[in-house]
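run.cif follows; it contains mmCIF, C-alpha atoms.
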data_data
loop_
_atom_site.label_atom_id
_atom_site.label_comp_id
_atom_site.auth_asym_id
_atom_site.auth_seq_id
_atom_site.Cartn_x
_atom_site.Cartn_y
_atom_site.Cartn_z
CA MET Q 437 105.72 91.22 94.98
CA GLU Q 438 108.21 91.20 97.87
CA ILE Q 439 108.43 94.31 100.02
CA SER Q 440 110.45 94.65 103.19
CA GLY Q 441 109.37 96.50 106.28
CA SER Q 442 106.05 96.97 108.00
CA MET Q 443 103.02 97.76 105.90
CA LEU Q 444 100.43 98.32 108.59
CA LYS Q 445 99.58 100.46 111.57
CA TYR Q 446 98.55 97.32 113.46
CA ASN Q 447 100.53 94.82 115.50
CA PHE Q 448 98.10 91.91 115.10
CA VAL Q 449 95.90 91.31 112.06
CA ALA Q 450 93.51 88.34 111.88
CA ILE Q 451 92.03 87.20 108.56
CA GLU Q 452 88.63 85.54 108.88
CA GLY Q 453 85.98 84.17 106.54
CA ASN Q 454 83.95 81.15 105.56
CA ILE Q 455 85.41 77.83 104.42
CA GLY Q 456 87.19 78.43 101.12
CA ALA Q 457 87.27 82.23 101.37
CA GLY Q 458 91.05 82.46 100.92
CA LYS Q 459 92.12 83.24 104.50
CA THR Q 460 95.27 81.13 104.51
CA THR Q 461 96.36 82.25 101.05
CA LEU Q 462 96.02 85.94 101.89
CA ALA Q 463 97.65 85.67 105.32
CA THR Q 464 100.58 83.68 103.90
CA HIS Q 465 101.05 86.14 101.06
CA ILE Q 466 101.06 89.11 103.44
CA ALA Q 467 103.50 87.45 105.84
CA HIS Q 468 105.90 86.66 103.00
CA ASP Q 469 105.78 90.10 101.43
CA PHE Q 470 105.94 92.18 104.60
CA ASN Q 471 108.11 90.21 107.01
CA ALA Q 472 105.24 89.35 109.36
CA LYS Q 473 105.02 86.54 111.86
CA LEU Q 474 102.52 84.04 110.44
CA ILE Q 475 100.05 82.00 112.48
CA LEU Q 476 98.19 79.29 110.54
CA GLU Q 477 95.46 77.13 111.98
CA GLN Q 478 96.47 73.47 112.25
CA PHE Q 479 93.03 72.06 111.45
CA GLU Q 480 94.17 69.12 109.32
CA ASP Q 481 95.51 67.38 112.42
CA ASN Q 482 92.03 67.19 113.98
CA PRO Q 483 90.85 63.55 113.91
CA PHE Q 484 87.21 64.54 114.41
CA LEU Q 485 86.93 66.65 111.25
CA PRO Q 486 86.42 63.88 108.65
CA LYS Q 487 84.04 62.11 111.06
CA PHE Q 488 82.04 65.31 111.57
CA TYR Q 489 81.39 65.80 107.87
CA LYS Q 490 80.00 62.24 107.71
CA GLU Q 491 78.04 62.27 111.01
CA PRO Q 492 77.68 65.90 112.17
CA ASP Q 493 75.20 65.27 114.99
CA LYS Q 494 77.43 62.64 116.59
CA TYR Q 495 80.76 64.43 116.30
CA ALA Q 496 79.88 68.15 116.51
CA PHE Q 497 80.61 68.61 120.22
CA PRO Q 498 83.98 66.77 120.39
CA LEU Q 499 85.01 68.51 117.18
CA GLU Q 500 84.22 72.00 118.45
CA MET Q 501 85.80 71.37 121.86
CA SER Q 502 88.98 70.00 120.31
CA PHE Q 503 89.20 72.97 117.95
CA LEU Q 504 88.68 75.39 120.82
CA ALA Q 505 91.46 73.81 122.87
CA ALA Q 506 93.88 73.68 119.93
CA ARG Q 507 93.18 77.26 118.81
CA PHE Q 508 93.53 78.64 122.31
CA GLN Q 509 96.83 76.85 122.91
CA GLN Q 510 98.28 77.95 119.57
CA LEU Q 511 97.23 81.59 119.89
CA LYS Q 512 98.33 81.78 123.53
CA ASP Q 513 101.77 80.41 122.64
CA GLU Q 514 102.26 82.41 119.44
CA LEU Q 515 100.88 85.74 120.63
CA GLY Q 516 102.67 85.46 123.94
CA SER Q 517 106.10 85.27 122.33
CA ARG Q 518 107.10 88.25 120.23
CA ASP Q 519 109.50 87.76 117.34
CA LEU Q 520 111.84 90.76 117.34
CA PHE Q 521 112.76 90.12 113.72
CA LYS Q 522 109.16 90.38 112.48
CA SER Q 523 107.29 93.64 111.96
CA PHE Q 524 103.81 92.44 113.00
CA THR Q 525 101.70 89.28 113.32
CA VAL Q 526 99.11 88.00 110.83
CA SER Q 527 96.94 84.92 111.31
CA ASP Q 528 94.43 83.09 109.13
CA TYR Q 529 91.90 82.84 111.98
CA PHE Q 530 90.95 84.13 115.39
CA ILE Q 531 89.34 82.37 118.33
CA ILE Q 532 85.90 83.89 117.62
CA LYS Q 533 85.48 81.42 114.76
CA SER Q 534 85.12 78.72 117.42
CA LEU Q 535 81.99 80.35 118.81
CA ILE Q 536 80.57 81.07 115.35
CA PHE Q 537 80.94 77.49 114.14
CA ALA Q 538 79.73 76.03 117.43
CA ARG Q 539 76.56 78.14 117.34
CA LYS Q 540 75.67 76.61 113.99
CA THR Q 541 76.65 73.01 114.72
CA LEU Q 542 75.77 72.30 118.36
CA ALA Q 543 72.47 71.54 120.02
CA GLU Q 544 71.22 74.26 122.38
CA ASP Q 545 72.26 72.56 125.62
CA GLU Q 546 75.70 71.73 124.19
CA TYR Q 547 76.13 75.29 123.00
CA LYS Q 548 75.36 76.71 126.45
CA LEU Q 549 78.04 74.51 127.99
CA TYR Q 550 80.45 75.33 125.21
CA THR Q 551 79.93 79.07 125.68
CA ARG Q 552 81.02 78.85 129.31
CA PHE Q 553 84.36 77.40 128.26
CA PHE Q 554 84.70 79.86 125.38
CA ASN Q 555 84.20 82.95 127.55
CA ILE Q 556 86.95 81.85 129.93
CA ILE Q 557 89.35 81.35 127.04
CA TYR Q 558 88.37 84.45 125.07
CA ASN Q 559 89.16 86.80 127.93
CA GLN Q 560 92.70 85.43 128.20
CA LEU Q 561 93.76 86.22 124.61
CA PRO Q 562 94.88 89.50 123.05
CA LYS Q 563 92.35 90.82 120.54
CA PRO Q 564 93.39 91.63 116.96
CA ASP Q 565 94.04 95.27 116.16
CA LEU Q 566 92.29 94.62 112.85
CA LEU Q 567 89.92 91.75 112.03
CA VAL Q 568 89.54 91.28 108.27
CA TYR Q 569 86.54 89.30 107.01
CA LEU Q 570 86.72 87.96 103.44
CA HIS Q 571 83.23 87.67 101.98
CA LEU Q 572 82.48 85.34 99.07
CA GLU Q 573 79.14 84.06 97.84
CA ILE Q 574 78.43 80.35 98.30
CA PRO Q 575 79.01 79.24 94.66
CA GLN Q 576 82.50 80.76 94.69
CA LEU Q 577 83.25 79.17 98.06
CA GLN Q 578 82.26 75.80 96.63
CA ASN Q 579 84.48 76.35 93.60
CA ASN Q 580 87.43 77.08 95.88
CA ILE Q 581 86.68 74.06 98.05
CA ARG Q 582 86.59 71.77 95.02
CA SER Q 583 89.78 73.30 93.62
CA ARG Q 584 91.88 72.68 96.71
CA GLY Q 585 90.72 69.06 96.76
CA ARG Q 586 90.57 68.14 100.44
CA PRO Q 587 88.63 64.84 100.38
CA TYR Q 588 86.70 65.43 103.60
CA GLU Q 589 85.44 68.83 102.36
CA GLN Q 590 83.96 67.68 99.06
CA GLU Q 591 80.55 66.85 100.54
CA ILE Q 592 80.04 70.18 102.32
CA LYS Q 593 76.53 71.40 101.56
CA ASP Q 594 75.49 74.91 100.55
CA GLU Q 595 73.16 74.97 103.54
CA TYR Q 596 76.06 74.46 105.95
CA LEU Q 597 78.11 77.22 104.32
CA ASN Q 598 75.08 79.51 104.50
CA ARG Q 599 74.73 78.84 108.23
CA ILE Q 600 78.38 79.68 108.83
CA GLN Q 601 78.06 82.85 106.73
CA GLU Q 602 75.06 83.93 108.79
CA GLY Q 603 76.98 83.20 111.97
CA TYR Q 604 79.79 85.54 110.99
CA PHE Q 605 77.35 88.30 110.08
CA ASP Q 606 75.49 87.87 113.38
CA PHE Q 607 78.77 88.25 115.25
CA ILE Q 608 80.03 91.19 113.20
CA LYS Q 609 76.92 93.32 113.46
CA HIS Q 610 77.15 93.33 117.27
CA GLN Q 611 80.78 94.47 117.37
CA ASN Q 612 81.63 98.15 117.77
CA HIS Q 613 84.69 98.07 120.03
CA ILE Q 614 87.15 96.41 117.62
CA ARG Q 615 88.18 97.29 114.06
CA ILE Q 616 86.44 95.00 111.56
CA LEU Q 617 87.09 95.32 107.85
CA ILE Q 618 84.70 93.42 105.55
CA LEU Q 619 86.20 92.85 102.12
CA ASP Q 620 83.68 91.75 99.49
CA THR Q 621 86.02 89.84 97.18
CA ASN Q 622 83.44 88.38 94.78
CA GLN Q 623 84.73 90.56 91.93
CA VAL Q 624 88.46 90.14 92.55
CA ASP Q 625 90.90 87.23 92.46
CA PHE Q 626 93.92 88.05 94.62
CA VAL Q 627 95.35 84.57 94.06
CA ARG Q 628 95.64 84.82 90.26
CA TYR Q 629 96.02 88.56 89.76
CA GLU Q 630 98.71 90.56 91.50
CA SER Q 631 96.85 93.79 90.74
CA ASP Q 632 93.89 92.58 92.82
CA TYR Q 633 96.21 91.61 95.65
CA ASP Q 634 97.83 95.06 95.50
CA ARG Q 635 94.40 96.70 95.78
CA ILE Q 636 93.70 94.74 98.95
CA ILE Q 637 97.07 95.71 100.42
CA GLU Q 638 96.37 99.40 99.83
CA ILE Q 639 93.08 99.03 101.70
CA LEU Q 640 94.75 97.26 104.61
CA LYS Q 641 97.31 100.06 104.95
CA LYS Q 642 94.65 102.57 105.97
CA ASP Q 643 94.08 103.61 109.56
CA TYR Q 644 90.62 102.43 110.66
CA SER Q 645 88.67 103.47 113.70
CA PRO Q 646 86.93 100.89 115.92
CA GLY Q 647 83.74 99.67 114.29
CA ILE Q 648 82.67 97.99 111.06
CA HIS Q 649 84.06 99.07 107.68
CA ARG Q 650 82.93 97.48 104.41
CA ILE Q 651 84.76 97.59 101.07
CA THR Q 652 83.21 96.34 97.82
CA PHE Q 653 85.44 96.06 94.77
#
Hey, can you dump this file as structure tokens for me?
Amino acid sequence: MEISGSMLKYNFVAIEGNIGAGKTTLATHIAHDFNAKLILEQFEDNPFLPKFYKEPDKYAFPLEMSFLAARFQQLKDELGSRDLFKSFTVSDYFIIKSLIFARKTLAEDEYKLYTRFFNIIYNQLPKPDLLVYLHLEIPQLQNNIRSRGRPYEQEIKDEYLNRIQEGYFDFIKHQNHIRILILDTNQVDFVRYESDYDRIIEILKKDYSPGIHRITF
């Protein structure tokens, strides 16, 4: 489906979720169909990622710091330059994922140091007008991870995905000043079925007040 013009009441929409939740696929689809500026995380260029999955204790801190620096630089550059030919901006992540992952991967003393850097960076970035969280249960996440076939992801454990899931929920439940839309997509497949994708688009078109909104299909 290709539709011209703006679809949303928001200037900046961030799609978030666990590993394998479909963030990049949905953001890319939306940008293509609605003439939006697309921001995709460049995580595959991070040299610490394959090392982290093999030795998480050794490489957690350099991995999280390098991700934080890269995400901040990309978002600062992309959000600071408006494209007059695009109707809005959609990204497949926001900087808060840095804090969520770090909380679950770093030792306590490392996390305290990391948080100091994060708070400085977070206050310098525009916040999304709408933060969309895609929720999938762990077995479906694992199916998606296996299907996309990234070698360094194939050994990700259920326990790690559970920790990340809990981290997102911990963050979300304390937010009441930004619009957060939780989409439980366990019963839909917006990649294979256009009708499911269309249902999600209709939900995203609505005008939400600040706070947490949950949709179950």
Notebook entry, point to check: Can you tell me how far atom CA of Thr525 of chain Q sits from atom CA of His613 of chain Q, in Å to one decimal?
Noted result: 20.3 Å
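Distances to Tyr596 of chain Q were evaluated for Q:Arg507, Q:Lys522, Q:Lys473, Q:Lys540 using only C-alpha atoms, and the minimum falls at Q:Lys540.
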Next item on the list: Compare Q:Phe524, Q:Phe503, Q:Tyr604, Q:Tyr529 by their minimum atom-to-atom distance to Asp469 of chain Q, counting all atoms listed in the file, and give me the closest one.
Entry: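 So, comparing all the options, the nearest one is Q:Phe524.
Residues lying at most 12 Å from (111.3, 88.3, 114.0) in file coordinates, with only C-alpha atoms considered, are Q:Gly441, Q:Ser442, Q:Ala467, Q:Phe470, Q:Asn471, Q:Ala472, Q:Lys473, Q:Leu474, Q:Ser517, Q:Arg518, Q:Asp519, Q:Leu520, Q:Phe521, Q:Lys522, Q:Ser523, Q:Phe524, Q:Thr525.
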Item checked: Nearest-residue call for Leu572 of chain Q, choices Q:Ala457, Q:Lys445, Q:Phe626, Q:Ala538, using only C-alpha atoms ->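 Selected residue with least distance to Leu572 of chain Q: Q:Ala457.
Between atom CA of Arg552 of chain Q and atom CA of Ile536 of chain Q the separation is 14.1 Å.
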Check: What residues come out when you apply the PyMOL selection byres ((chain Q and resi 461-463) around 9) to this file, written as a list of chain:residue names?
Finding: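 Matching residues under the PyMOL selection byres ((chain Q and resi 461-463) around 9) are Q:Val449, Q:Ala450, Q:Ile451, Q:Gly458, Q:Lys459, Q:Thr460, Q:Thr464, Q:His465, Q:Ile466, Q:Ala467, Q:His468, Q:Leu474, Q:Ile475, Q:Leu476, Q:Val526, Q:Ser527, Q:Asp528, Q:Phe626, Q:Val627, Q:Tyr633.
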Emit the selected residues as an mmCIF file, in the coordinates of the input, including C-alpha atoms.
data_model
loop_
_atom_site.group_PDB
_atom_site.id
_atom_site.type_symbol
_atom_site.label_atom_id
_atom_site.label_comp_id
_atom_site.auth_asym_id
_atom_site.auth_seq_id
_atom_site.Cartn_x
_atom_site.Cartn_y
_atom_site.Cartn_z
ATOM 1 C CA VAL Q 449 95.900 91.310 112.060
ATOM 2 C CA ALA Q 450 93.510 88.340 111.880
ATOM 3 C CA ILE Q 451 92.030 87.200 108.560
ATOM 4 C CA GLY Q 458 91.050 82.460 100.920
ATOM 5 C CA LYS Q 459 92.120 83.240 104.500
ATOM 6 C CA THR Q 460 95.270 81.130 104.510
ATOM 7 C CA THR Q 464 100.580 83.680 103.900
ATOM 8 C CA HIS Q 465 101.050 86.140 101.060
ATOM 9 C CA ILE Q 466 101.060 89.110 103.440
ATOM 10 C CA ALA Q 467 103.500 87.450 105.840
ATOM 11 C CA HIS Q 468 105.900 86.660 103.000
ATOM 12 C CA LEU Q 474 102.520 84.040 110.440
ATOM 13 C CA ILE Q 475 100.050 82.000 112.480
ATOM 14 C CA LEU Q 476 98.190 79.290 110.540
ATOM 15 C CA VAL Q 526 99.110 88.000 110.830
ATOM 16 C CA SER Q 527 96.940 84.920 111.310
ATOM 17 C CA ASP Q 528 94.430 83.090 109.130
ATOM 18 C CA PHE Q 626 93.920 88.050 94.620
ATOM 19 C CA VAL Q 627 95.350 84.570 94.060
ATOM 20 C CA TYR Q 633 96.210 91.610 95.650
#
Next item on the list: Tell me which residues the PyMOL selection byres ((chain Q and resi 497) around 12) grabs here, as a PyMOL selection string.
Entry: chain Q and resi 484-485+487-488+491-496+498-504+534-535+537-551
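Straight-line separation from atom CA of Leu570 of chain Q to atom CA of Asn622 of chain Q: 9.3 Å.
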Note to self: List as a PyMOL selection string the residues having at least one atom at most 6 Å from position (81.1, 80.0, 107.2) as given in the file, counting only C-alpha atoms.
What the structure shows: chain Q and resi 454-455+597+600-601
Notebook entry, point to check: For Lys593 of chain Q, which residue out of Q:Lys490, Q:Lys641, Q:Lys533, Q:His610 is the nearest one, using only C-alpha atoms?
Noted result: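 The shortest atom-to-atom distance to Lys593 of chain Q comes from Q:Lys490.
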